[in-house]
>>> print(open('upload25.txt').read())   # compact mmCIF, N, CA and C atoms
# COMPACT_ATOMS: atom_id res chain seq x y z
N MET A 1 -11.94 -4.94 -6.24
CA MET A 1 -11.70 -3.52 -6.31
C MET A 1 -10.48 -3.30 -7.20
N LYS A 2 -10.58 -2.43 -8.16
CA LYS A 2 -9.49 -2.14 -9.08
C LYS A 2 -8.95 -0.74 -8.82
N ASP A 3 -7.80 -0.43 -9.43
CA ASP A 3 -7.23 0.91 -9.30
C ASP A 3 -8.27 1.96 -9.65
N SER A 4 -9.01 1.73 -10.72
CA SER A 4 -10.01 2.72 -11.17
C SER A 4 -11.12 2.91 -10.13
N HIS A 5 -11.47 1.85 -9.41
CA HIS A 5 -12.49 1.97 -8.37
C HIS A 5 -11.99 2.81 -7.20
N LEU A 6 -10.72 2.66 -6.88
CA LEU A 6 -10.17 3.41 -5.76
C LEU A 6 -10.11 4.91 -6.05
N SER A 7 -10.12 5.27 -7.32
CA SER A 7 -10.08 6.70 -7.67
C SER A 7 -11.34 7.43 -7.19
N GLN A 8 -12.38 6.69 -6.82
CA GLN A 8 -13.61 7.29 -6.29
C GLN A 8 -13.43 7.78 -4.86
N LEU A 9 -12.41 7.29 -4.18
CA LEU A 9 -12.17 7.71 -2.80
C LEU A 9 -11.62 9.13 -2.77
N THR A 10 -12.07 9.91 -1.80
CA THR A 10 -11.56 11.27 -1.69
C THR A 10 -10.80 11.50 -0.40
N SER A 11 -11.34 11.05 0.72
CA SER A 11 -10.66 11.26 1.98
C SER A 11 -11.22 10.31 3.04
N LEU A 12 -10.31 9.52 3.62
CA LEU A 12 -10.68 8.60 4.69
C LEU A 12 -9.64 8.70 5.81
N PRO A 13 -9.54 9.86 6.45
CA PRO A 13 -8.49 10.05 7.44
C PRO A 13 -8.62 9.17 8.68
N ALA A 14 -9.81 8.66 8.97
CA ALA A 14 -9.99 7.83 10.16
C ALA A 14 -9.72 6.35 9.89
N LEU A 15 -9.55 5.97 8.63
CA LEU A 15 -9.33 4.57 8.29
C LEU A 15 -7.94 4.13 8.77
N GLU A 16 -7.90 3.06 9.55
CA GLU A 16 -6.63 2.58 10.10
C GLU A 16 -6.20 1.24 9.53
N GLU A 17 -7.14 0.41 9.07
CA GLU A 17 -6.81 -0.91 8.53
C GLU A 17 -7.46 -1.09 7.17
N LEU A 18 -6.68 -1.64 6.23
CA LEU A 18 -7.20 -1.88 4.89
C LEU A 18 -6.64 -3.19 4.36
N ASN A 19 -7.53 -4.06 3.91
CA ASN A 19 -7.13 -5.36 3.38
C ASN A 19 -7.51 -5.42 1.91
N LEU A 20 -6.50 -5.39 1.02
CA LEU A 20 -6.72 -5.49 -0.41
C LEU A 20 -6.17 -6.80 -0.96
N ASP A 21 -6.04 -7.79 -0.10
CA ASP A 21 -5.51 -9.10 -0.49
C ASP A 21 -6.24 -9.64 -1.72
N SER A 22 -5.46 -9.99 -2.74
CA SER A 22 -5.94 -10.59 -3.99
C SER A 22 -6.82 -9.67 -4.84
N CYS A 23 -6.79 -8.38 -4.56
CA CYS A 23 -7.52 -7.43 -5.40
C CYS A 23 -6.62 -7.00 -6.56
N PRO A 24 -7.19 -6.72 -7.73
CA PRO A 24 -6.38 -6.31 -8.87
C PRO A 24 -6.00 -4.83 -8.80
N VAL A 25 -5.23 -4.49 -7.79
CA VAL A 25 -4.75 -3.11 -7.61
C VAL A 25 -3.23 -3.11 -7.69
N GLY A 26 -2.67 -1.97 -8.00
CA GLY A 26 -1.23 -1.90 -8.14
C GLY A 26 -0.66 -0.55 -7.74
N ASP A 27 0.34 -0.12 -8.49
CA ASP A 27 1.10 1.08 -8.15
C ASP A 27 0.24 2.34 -8.09
N ALA A 28 -0.66 2.50 -9.05
CA ALA A 28 -1.52 3.69 -9.07
C ALA A 28 -2.41 3.75 -7.83
N ALA A 29 -2.91 2.60 -7.41
CA ALA A 29 -3.77 2.56 -6.23
C ALA A 29 -3.01 2.97 -4.98
N LEU A 30 -1.78 2.51 -4.86
CA LEU A 30 -1.00 2.84 -3.67
C LEU A 30 -0.68 4.33 -3.62
N SER A 31 -0.44 4.92 -4.76
CA SER A 31 -0.20 6.36 -4.82
C SER A 31 -1.42 7.11 -4.31
N LEU A 32 -2.60 6.73 -4.76
CA LEU A 32 -3.83 7.37 -4.31
C LEU A 32 -4.09 7.13 -2.84
N LEU A 33 -3.94 5.89 -2.40
CA LEU A 33 -4.20 5.56 -1.00
C LEU A 33 -3.31 6.35 -0.05
N SER A 34 -2.08 6.61 -0.46
CA SER A 34 -1.17 7.36 0.41
C SER A 34 -1.67 8.78 0.64
N GLU A 35 -2.50 9.27 -0.26
CA GLU A 35 -3.06 10.61 -0.12
C GLU A 35 -4.37 10.63 0.67
N VAL A 36 -5.22 9.62 0.49
CA VAL A 36 -6.56 9.66 1.09
C VAL A 36 -6.70 8.87 2.39
N THR A 37 -5.70 8.05 2.72
CA THR A 37 -5.75 7.27 3.96
C THR A 37 -4.43 7.45 4.73
N PRO A 38 -4.15 8.66 5.17
CA PRO A 38 -2.85 8.96 5.78
C PRO A 38 -2.59 8.29 7.13
N ASN A 39 -3.62 7.78 7.78
CA ASN A 39 -3.45 7.24 9.13
C ASN A 39 -3.52 5.72 9.20
N LEU A 40 -3.30 5.04 8.08
CA LEU A 40 -3.31 3.58 8.10
C LEU A 40 -2.24 3.04 9.04
N THR A 41 -2.62 2.06 9.83
CA THR A 41 -1.65 1.36 10.68
C THR A 41 -1.42 -0.05 10.16
N SER A 42 -2.38 -0.59 9.38
CA SER A 42 -2.28 -1.95 8.85
C SER A 42 -2.72 -1.95 7.39
N LEU A 43 -1.87 -2.52 6.53
CA LEU A 43 -2.18 -2.55 5.10
C LEU A 43 -1.79 -3.91 4.53
N ASN A 44 -2.76 -4.60 3.96
CA ASN A 44 -2.52 -5.91 3.35
C ASN A 44 -2.60 -5.76 1.84
N LEU A 45 -1.45 -5.90 1.17
CA LEU A 45 -1.38 -5.82 -0.28
C LEU A 45 -0.96 -7.15 -0.88
N ALA A 46 -1.19 -8.24 -0.15
CA ALA A 46 -0.80 -9.57 -0.62
C ALA A 46 -1.49 -9.92 -1.94
N ASP A 47 -0.74 -10.52 -2.84
CA ASP A 47 -1.26 -11.01 -4.11
C ASP A 47 -1.91 -9.89 -4.93
N THR A 48 -1.30 -8.72 -4.93
CA THR A 48 -1.77 -7.61 -5.76
C THR A 48 -0.73 -7.37 -6.86
N ASP A 49 -0.96 -6.37 -7.69
CA ASP A 49 -0.08 -6.05 -8.80
C ASP A 49 0.97 -5.00 -8.43
N LEU A 50 1.23 -4.81 -7.17
CA LEU A 50 2.22 -3.83 -6.73
C LEU A 50 3.61 -4.23 -7.21
N THR A 51 4.38 -3.24 -7.69
CA THR A 51 5.74 -3.48 -8.18
C THR A 51 6.71 -2.56 -7.45
N ASP A 52 7.97 -2.67 -7.83
CA ASP A 52 9.01 -1.81 -7.25
C ASP A 52 8.68 -0.32 -7.43
N ILE A 53 8.02 0.01 -8.50
CA ILE A 53 7.68 1.41 -8.78
C ILE A 53 6.74 1.96 -7.71
N GLY A 54 5.76 1.19 -7.29
CA GLY A 54 4.78 1.66 -6.32
C GLY A 54 5.23 1.59 -4.88
N VAL A 55 6.25 0.77 -4.60
CA VAL A 55 6.70 0.58 -3.22
C VAL A 55 7.14 1.89 -2.58
N GLY A 56 7.68 2.79 -3.35
CA GLY A 56 8.13 4.07 -2.80
C GLY A 56 7.02 4.85 -2.11
N HIS A 57 5.79 4.64 -2.51
CA HIS A 57 4.66 5.34 -1.89
C HIS A 57 4.42 4.88 -0.45
N LEU A 58 4.92 3.71 -0.10
CA LEU A 58 4.72 3.20 1.26
C LEU A 58 5.36 4.10 2.31
N ARG A 59 6.40 4.83 1.94
CA ARG A 59 7.06 5.73 2.89
C ARG A 59 6.13 6.83 3.38
N LYS A 60 5.09 7.11 2.63
CA LYS A 60 4.16 8.17 3.00
C LYS A 60 3.23 7.77 4.14
N PHE A 61 3.12 6.48 4.42
CA PHE A 61 2.27 5.99 5.51
C PHE A 61 3.07 6.03 6.80
N LYS A 62 3.05 7.13 7.49
CA LYS A 62 3.88 7.34 8.68
C LYS A 62 3.46 6.51 9.88
N ASN A 63 2.22 6.05 9.94
CA ASN A 63 1.71 5.29 11.09
C ASN A 63 1.67 3.79 10.85
N LEU A 64 2.13 3.34 9.69
CA LEU A 64 2.04 1.93 9.32
C LEU A 64 2.94 1.06 10.19
N VAL A 65 2.34 0.06 10.85
CA VAL A 65 3.10 -0.87 11.70
C VAL A 65 2.95 -2.31 11.22
N GLN A 66 1.95 -2.56 10.36
CA GLN A 66 1.75 -3.91 9.84
C GLN A 66 1.53 -3.82 8.34
N LEU A 67 2.33 -4.61 7.60
CA LEU A 67 2.30 -4.58 6.14
C LEU A 67 2.49 -5.97 5.59
N SER A 68 1.64 -6.36 4.64
CA SER A 68 1.80 -7.65 3.97
C SER A 68 2.02 -7.40 2.48
N LEU A 69 3.15 -7.91 1.97
CA LEU A 69 3.49 -7.81 0.55
C LEU A 69 3.67 -9.19 -0.05
N PHE A 70 3.07 -10.19 0.55
CA PHE A 70 3.18 -11.58 0.12
C PHE A 70 2.68 -11.72 -1.32
N TYR A 71 3.44 -12.40 -2.15
CA TYR A 71 3.09 -12.64 -3.56
C TYR A 71 2.92 -11.38 -4.38
N CYS A 72 3.71 -10.36 -4.12
CA CYS A 72 3.72 -9.16 -4.96
C CYS A 72 4.93 -9.23 -5.89
N ASN A 73 4.93 -8.39 -6.89
CA ASN A 73 6.02 -8.34 -7.87
C ASN A 73 7.10 -7.36 -7.42
N ILE A 74 7.61 -7.57 -6.23
CA ILE A 74 8.60 -6.66 -5.65
C ILE A 74 9.93 -7.40 -5.51
N THR A 75 11.00 -6.70 -5.88
CA THR A 75 12.34 -7.27 -5.77
C THR A 75 13.06 -6.66 -4.58
N ASN A 76 14.24 -7.14 -4.31
CA ASN A 76 15.06 -6.56 -3.24
C ASN A 76 15.31 -5.08 -3.50
N GLY A 77 15.44 -4.71 -4.77
CA GLY A 77 15.63 -3.31 -5.11
C GLY A 77 14.47 -2.44 -4.67
N GLY A 78 13.26 -2.95 -4.81
CA GLY A 78 12.08 -2.20 -4.37
C GLY A 78 11.98 -2.10 -2.87
N LEU A 79 12.40 -3.16 -2.19
CA LEU A 79 12.34 -3.15 -0.71
C LEU A 79 13.30 -2.13 -0.11
N CYS A 80 14.32 -1.75 -0.84
CA CYS A 80 15.25 -0.72 -0.36
C CYS A 80 14.52 0.59 -0.05
N HIS A 81 13.43 0.86 -0.78
CA HIS A 81 12.69 2.10 -0.59
C HIS A 81 11.99 2.17 0.77
N ILE A 82 11.76 1.01 1.39
CA ILE A 82 11.04 1.01 2.68
C ILE A 82 11.87 0.45 3.80
N ALA A 83 13.14 0.22 3.56
CA ALA A 83 14.00 -0.33 4.59
C ALA A 83 14.06 0.61 5.78
N VAL A 84 14.04 0.06 6.97
CA VAL A 84 14.09 0.83 8.20
C VAL A 84 15.51 0.77 8.75
N SER A 85 16.06 1.92 9.06
CA SER A 85 17.39 1.97 9.65
C SER A 85 17.28 1.70 11.14
N ARG A 86 18.09 0.80 11.64
CA ARG A 86 18.08 0.45 13.07
C ARG A 86 19.38 0.93 13.71
N GLY A 87 19.73 2.17 13.49
CA GLY A 87 21.00 2.68 13.99
C GLY A 87 20.91 3.27 15.28
>>> encode(input="upload25.txt", output="structure tokens")
Amino acid sequence: MKDSHLSQLTSLPALEELNLDSCPVGDAALSLLSEVTPNLTSLNLADTDLTDIGVGHLRKFKNLVQLSLFYCNITNGGLCHIAVSRG
């Protein structure tokens, strides 16, 4: 599944788990997914083309409790966008 394939999605509000491990998707896909799958609780983006630019879209997933970013092109700078405050 590529970014262009995901553009076919319009609305999947009941979808809670999505595994895109090793799919050629990246920042554009995450932007779209944040709009059409607002209730995701589990998202696997391991070995995708996600970068620091796309990480900011993860904040839009308010119900997300499980996330895999293994082997992505994300730096510590990108992770700052999703850091959770434990104050």
>>> residues_around(input="upload25.txt", residues="segment 10-25 of chain A", least_positions_apart="3", cutoff="5 Å", atoms="all atoms listed in the file", output="list in words")
Met1, Lys2, Asp3, Val36, Thr37, Asn39, Leu40, Thr41, Ser42, Leu43, Asn44, Leu45, Ala46, Asp47, Thr48, Asp49 and Leu50 of chain A
>>> atom_distance(input="upload25.txt", atom1="atom N of Asp52 of chain A", atom2="atom C of Ile74 of chain A")
5.6 Å
>>> residues_around(input="upload25.txt", residues="Gly54 of chain A", least_positions_apart="4", cutoff="7 Å", atoms="only N, CA and C atoms", output="mmCIF file with N, CA and C atoms, keeping the file's coordinate frame")
data_model
loop_
_atom_site.group_PDB
_atom_site.id
_atom_site.type_symbol
_atom_site.label_atom_id
_atom_site.label_comp_id
_atom_site.auth_asym_id
_atom_site.auth_seq_id
_atom_site.Cartn_x
_atom_site.Cartn_y
_atom_site.Cartn_z
ATOM 1 N N GLY A 26 -2.670 -1.970 -8.000
ATOM 2 C CA GLY A 26 -1.230 -1.900 -8.140
ATOM 3 C C GLY A 26 -0.660 -0.550 -7.740
ATOM 4 N N ASP A 27 0.340 -0.120 -8.490
ATOM 5 C CA ASP A 27 1.100 1.080 -8.150
ATOM 6 C C ASP A 27 0.240 2.340 -8.090
ATOM 7 N N ALA A 28 -0.660 2.500 -9.050
ATOM 8 C CA ALA A 28 -1.520 3.690 -9.070
ATOM 9 C C ALA A 28 -2.410 3.750 -7.830
ATOM 10 N N LEU A 30 -1.780 2.510 -4.860
ATOM 11 C CA LEU A 30 -1.000 2.840 -3.670
ATOM 12 C C LEU A 30 -0.680 4.330 -3.620
ATOM 13 N N SER A 31 -0.440 4.920 -4.760
ATOM 14 C CA SER A 31 -0.200 6.360 -4.820
ATOM 15 C C SER A 31 -1.420 7.110 -4.310
ATOM 16 N N LEU A 50 1.230 -4.810 -7.170
ATOM 17 C CA LEU A 50 2.220 -3.830 -6.730
ATOM 18 C C LEU A 50 3.610 -4.230 -7.210
ATOM 19 N N LEU A 58 4.920 3.710 -0.100
ATOM 20 C CA LEU A 58 4.720 3.200 1.260
ATOM 21 C C LEU A 58 5.360 4.100 2.310
#
>>> atom_distance(input="upload25.txt", atom1="atom N of Leu6 of chain A", atom2="atom N of Ser34 of chain A")
11.5 Å
>>> select_by_dssp(input="upload25.txt", residues="chain A", states="helix (DSSP H, G or I)", output="count of residues only")
30
>>> atom_distance(input="upload25.txt", atom1="atom N of Leu9 of chain A", atom2="atom C of Pro38 of chain A")
15.0 Å
>>> residues_around(input="upload25.txt", residues="Ile82 of chain A", least_positions_apart="6", cutoff="6.5 Å", atoms="all atoms listed in the file", output="PyMOL selection string")
chain A and resi 55-56+58-59
>>> closest_residue(input="upload25.txt", among="A:Phe61, A:Ser4, A:Glu35, A:Ile53", to="Gly77 of chain A", atoms="all atoms listed in the file")
A:Ile53
>>> closest_residue(input="upload25.txt", among="A:Cys72, A:Leu67, A:Leu33, A:Ala83", to="Ser7 of chain A", atoms="only C-alpha atoms")
A:Leu33
